[in-house]
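The structure appears right after this line, and notes come after that.
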Amino acid sequence: MENNIISGKKYRITMLTQRLVRLEYSENGVFEDRPTQAVINRDFGKTEFTAEEKNGELIIETPYLKLTYNKKEFSNNGLSIKVLGNCSNYRSTWYYGDDFMDLGGTARTLDKANGSVPLSKGLISKNGFSVYDDSKSLVMTDDGFVKPRENQVTDIYFFGYGHDYKSCIKDFYHLCGSQPLLPRFALGNWWSRYYKYTQQSYMELIEKFENKGIPFSVSVLDMDWHLVDIDPKYGSGWTGYTWNRELFPDPKAFMTWLHEKGLKITLNVHPAAGARAFEDNYKEMAQELGVDWEKEETIEFDISDKKFLDAYFKYLHHPNEEMGVDFWWIDWQQQSHTKTEGLDPLWMLNHFHYLDSGREGKTPLTFSRYAGIGSHRYPIGFSGDTYITWDSLDFQPYFTSTASNVGYGWWSHDIGGHMHGYRDSELQLRWIQYGVFSPINRLHCSDNIFCGKEPWNYDIGTEIVMTKFLRLRHKLVPYLYTMNVCLREEGRPLILPMYYEYPEAKEAYNFKNQYYFGKDMIVCPITSPSNKKSCLGKVTGWLPSGYWYDIFTGTRYKGGMTKDFYRNNESIPVFAKAGTVLPLSAEVENSAKNPESFEVLVFAGDSGSFKMIEDKDEKAETRLETEFVYSWGDAPKLTISASGCFESVPENRRYSVKVYGQSFENASVLADGKPVDYEVSQKEKSSYTITLPYMKSDTKLEIVFGNNELAENPVLDMTEKILNMASIGYDKKLEIFTAVKNNMDEKNVCASLLTMKDEGDTTVDSIVELICAQ
């Protein structure tokens, strides 16, 4: 790394990479090599660059940057960096001290948000550069604690990655720490509510979910698990660590029962008030900290005190973990100050809770708010208490994807909204549909008796679709867990704005609510009410070039254009490109288990592959990789083969393969080179399913499909379905249907249909969408 440094008496410039530069200035010539709260790894290996002095200036060049510096105190006219290439006509040069234009970062909280909130600066810019100032960050000490810097210094990181946004975030993870691996259970559905449950009522609720086939993997108990109605002499009951035995008479038995149901448990805590005399372990904690327990002195919350921090975990958290708590929801809502200058208590809580949760070889996990750059190292993020409105829903897809611009990949929102607002069944359904395609799907709301998110609180049609989507979330876990590993090892967040893949396409910047969900799907959530006449929701989006399939309807679209997408309440637009192979679990009850049976979706028309990653307890040495390779050609073929640690998965497995974009003619299946029988079902005009028998997990499978022609979208059938549900006149429905049936020429039928369009009705528009799709 020394070879990457150019220094003078008061300055030090480190070429971390050819596009990432550290700029330091110190009046006393003392520079910082220790990790900070944000930056933990500055070793990128040797960087190739040139450095020369010319006319009293230092000039450093790489293929991507040109730095010019007058070797004096950093100033606007003495230090500049130009990003080479064609990022911008005249805005690709940064002058020290100047602000920069970016595409947004994230925010500390969405508390009380009713729509959009301002975002912090991010690392991604259309102008090709961004700047992070680490000057005020505390340093990490050898004993694992933090302290302020001894010197007043300037410590800046310049990211000059042009439009190579993925490399920018990947190197950010190298610099500031990789995104940790989440435990598999965290990717399922979470049930959460601020509500005064009893042990009995909560168990009855879980059993009702189970009886209705609604799966959950995490139980979130908000603050009423602990004593709340305390003697006023102690202050507010907002902070607490002692179970309310009137509501939960046997916490250990209760949590054991939840574990037996396949649920992990997190408890909400507001730590700001410290520990008071009514807590179970107050006396022992007070004695250890030298607090007069006989006078019931409050043990003040002081996260900057090592001794307090040790006792905080020892007496307030570990005993509850021994009873069954799996991780903690740290609900810090107070100020950002401590007795140590510049130290944010939220950062300390996140850092040390995360480290403490990894004791005894467990996969670390905490659940807390965002505390600035570097917070991605402490997943999962709690975004806060939003209003129950369409405006709140409409902001969340953009907010979530943009957080990737600061590497923050695991936001958890109050799906359905937390408070106030109004009852709207469609709003709740659309929110759950979005939640299923968000990083963490945690249903939550306040204790208002009328705003519970249980699906049976809504009409039967809404309940059915909500249940379907909650089950889908658990089916998606094999895909989600693979993307979880991808984020950890490749530095690619699960949710990415479209401009990461298509930085030169203007359309990629125009549709802020559209995003990549992993590597293989594009999601366009519907975040506004349906049209009252067509009964269809609408979202405008952009599909890149190629052919794309809606994974719910099977409709194939020709990309390279902007389109209005219309959907009934049963789905939202989620697209997979031709050639995509998408493995889903056929088992939804316990998302933490590696499944025995799979539903594999294959989208015909191009070649593609997917490598599914499984393991046991998130340990790399237990990994099994199953590769699905789809080859498109004269004889399309799907090959499934696995390698690695087979002890991590069931001994036998079964695959059902659903092919989109083709009708069934014939197929042949080989298992380790030998023919096997199969069943064909769900034969439709443009899709079908092949189901194989159970076989050993290490069996190599080859399925050769006897049809290499793509089927046309069944436009007439889909038109009939749209018209059947539309709230328009029967004569109008028949007129539209007849026009489609009798004239399948695209231009003529679309022209004819548009003459039938009534103001305020999108029925015709939705049918034109189908006709023009491919």
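Identifiers in the structure tokens: chain A, B, ... in order shown; residue index from 1 per chain; ligand index from 1 in order shown.
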Could you list, as a ChimeraX atom specification, every residue within 8 Å of Ile551 (chain A), counting only C-alpha atoms and ignoring same-chain residues fewer than 4 positions away? /A:555,573-576
Atoms to include: N, CA and C atoms. Write the selected residues as a compact mmCIF listing (two decimals), in the first residue's frame.
# COMPACT_ATOMS: atom_id res chain seq x y z
N THR A 555 -47.44 -13.20 -19.87
CA THR A 555 -47.42 -12.37 -21.08
C THR A 555 -45.98 -12.04 -21.46
N PRO A 573 -46.75 -5.91 -11.99
CA PRO A 573 -45.81 -6.29 -13.05
C PRO A 573 -44.44 -6.67 -12.48
N VAL A 574 -44.08 -7.92 -12.66
CA VAL A 574 -42.75 -8.42 -12.31
C VAL A 574 -42.24 -9.19 -13.53
N PHE A 575 -41.08 -8.80 -14.04
CA PHE A 575 -40.61 -9.31 -15.32
C PHE A 575 -39.33 -10.12 -15.18
N ALA A 576 -39.28 -11.20 -15.94
CA ALA A 576 -38.07 -12.00 -16.08
C ALA A 576 -37.71 -12.05 -17.55
Region 185-199 of chain A surroundings by only C-alpha atoms, 9 Å radius, close-in-sequence under 4 positions cut, as a PyMOL selection string: chain A and resi 203-204+215-225+246-251+254+263-264+414+418+436+439-449+452-453+470-471+473-477+480-481+590-593
Cut-off 7 Å: closest region 122-227 of chain A/region 494-507 of chain A atom pairs per residue, using only C-alpha atoms, as CSV:
residue,atom,partner,partner_atom,distance
A:His163,CA,A:Pro503,CA,5.9
A:Tyr165,CA,A:Tyr500,CA,5.6
A:Lys166,CA,A:Tyr500,CA,6.2
Those in region 513-560 of chain A with strand (DSSP E or B) from DSSP, as a list in words: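 The residues of region 513-560 of chain A classed as strand (DSSP E or B) are Tyr515, Tyr516, Phe517, Met521, Ile522, Val523, Gly537, Lys538, Val539, Thr540, Gly541, Trp542, Leu543, Tyr547, Trp548, Tyr549, Asp550, Arg556, Tyr557 and Lys558 of chain A.
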Can you pull out the residues contacting region 365-378 of chain A? Cut-off 7 Å, using only C-alpha atoms, and skip same-chain residues under 4 positions away; I want them as a list in words.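 The residues satisfying every condition are Ala38, Arg108, Thr109, Cys176, Gly177, Ser178, Gln179, Pro180, Phe327, Trp328, Trp329, Ile330, Asp331, Leu346, Trp347, Asn350, His351, His353, Tyr354, Ser357, Phe382, Ser383, Val406, Gly407, Tyr408 and Gly409 of chain A.
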Next, dump the selected residues to file, keeping only C-alpha atoms, as a JSON list (two decimals), in the first residue's frame.
[["chain", "number", "residue", "atom", "x", "y", "z"],
["A", 38, "ALA", "CA", -17.07, 4.22, 8.41],
["A", 108, "ARG", "CA", -32.12, 7.92, 9.19],
["A", 109, "THR", "CA", -35.84, 7.31, 9.55],
["A", 176, "CYS", "CA", -16.23, 0.25, 4.36],
["A", 177, "GLY", "CA", -16.89, -3.44, 4.94],
["A", 178, "SER", "CA", -18.95, -6.00, 3.06],
["A", 179, "GLN", "CA", -22.66, -6.41, 3.62],
["A", 180, "PRO", "CA", -22.98, -9.30, 6.09],
["A", 327, "PHE", "CA", -32.18, -10.95, 18.24],
["A", 328, "TRP", "CA", -33.18, -7.42, 19.28],
["A", 329, "TRP", "CA", -35.15, -4.58, 17.75],
["A", 330, "ILE", "CA", -33.25, -1.46, 18.82],
["A", 331, "ASP", "CA", -35.78, 1.35, 18.61],
["A", 346, "LEU", "CA", -27.38, 4.90, 17.54],
["A", 347, "TRP", "CA", -24.14, 3.92, 15.80],
["A", 350, "ASN", "CA", -25.91, -0.89, 16.13],
["A", 351, "HIS", "CA", -22.23, -1.76, 16.26],
["A", 353, "HIS", "CA", -25.53, -5.16, 19.39],
["A", 354, "TYR", "CA", -24.47, -6.65, 16.09],
["A", 357, "SER", "CA", -25.45, -11.10, 18.65],
["A", 382, "PHE", "CA", -35.89, -0.39, 10.57],
["A", 383, "SER", "CA", -37.22, 2.55, 8.55],
["A", 406, "VAL", "CA", -24.82, 4.07, 0.03],
["A", 407, "GLY", "CA", -24.60, 0.27, 0.12],
["A", 408, "TYR", "CA", -27.59, -0.07, 2.45],
["A", 409, "GLY", "CA", -29.22, -3.23, 1.17]]
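Neighbouring residues of Lys533 (chain A) at 9 Å or closer, counting only C-alpha atoms and skipping chain neighbours under 5 positions away, are Ala726, Ser727, Ile728, Gly760, Asp761, Thr762 and Thr763 of chain A.
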In Å, rounded to a single decimal, give me how far CA of Leu723 (chain A) is from CA of Met466 (chain A).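 These two atoms are separated by 23.2 Å.
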Please extract the residues of region 398-610 of chain A with a backbone DSSP assignment of helix (DSSP H, G or I) and present them as a ChimeraX atom specification. /A:398-406,425-436,455-457,460-475,477-490,498-500,507-510
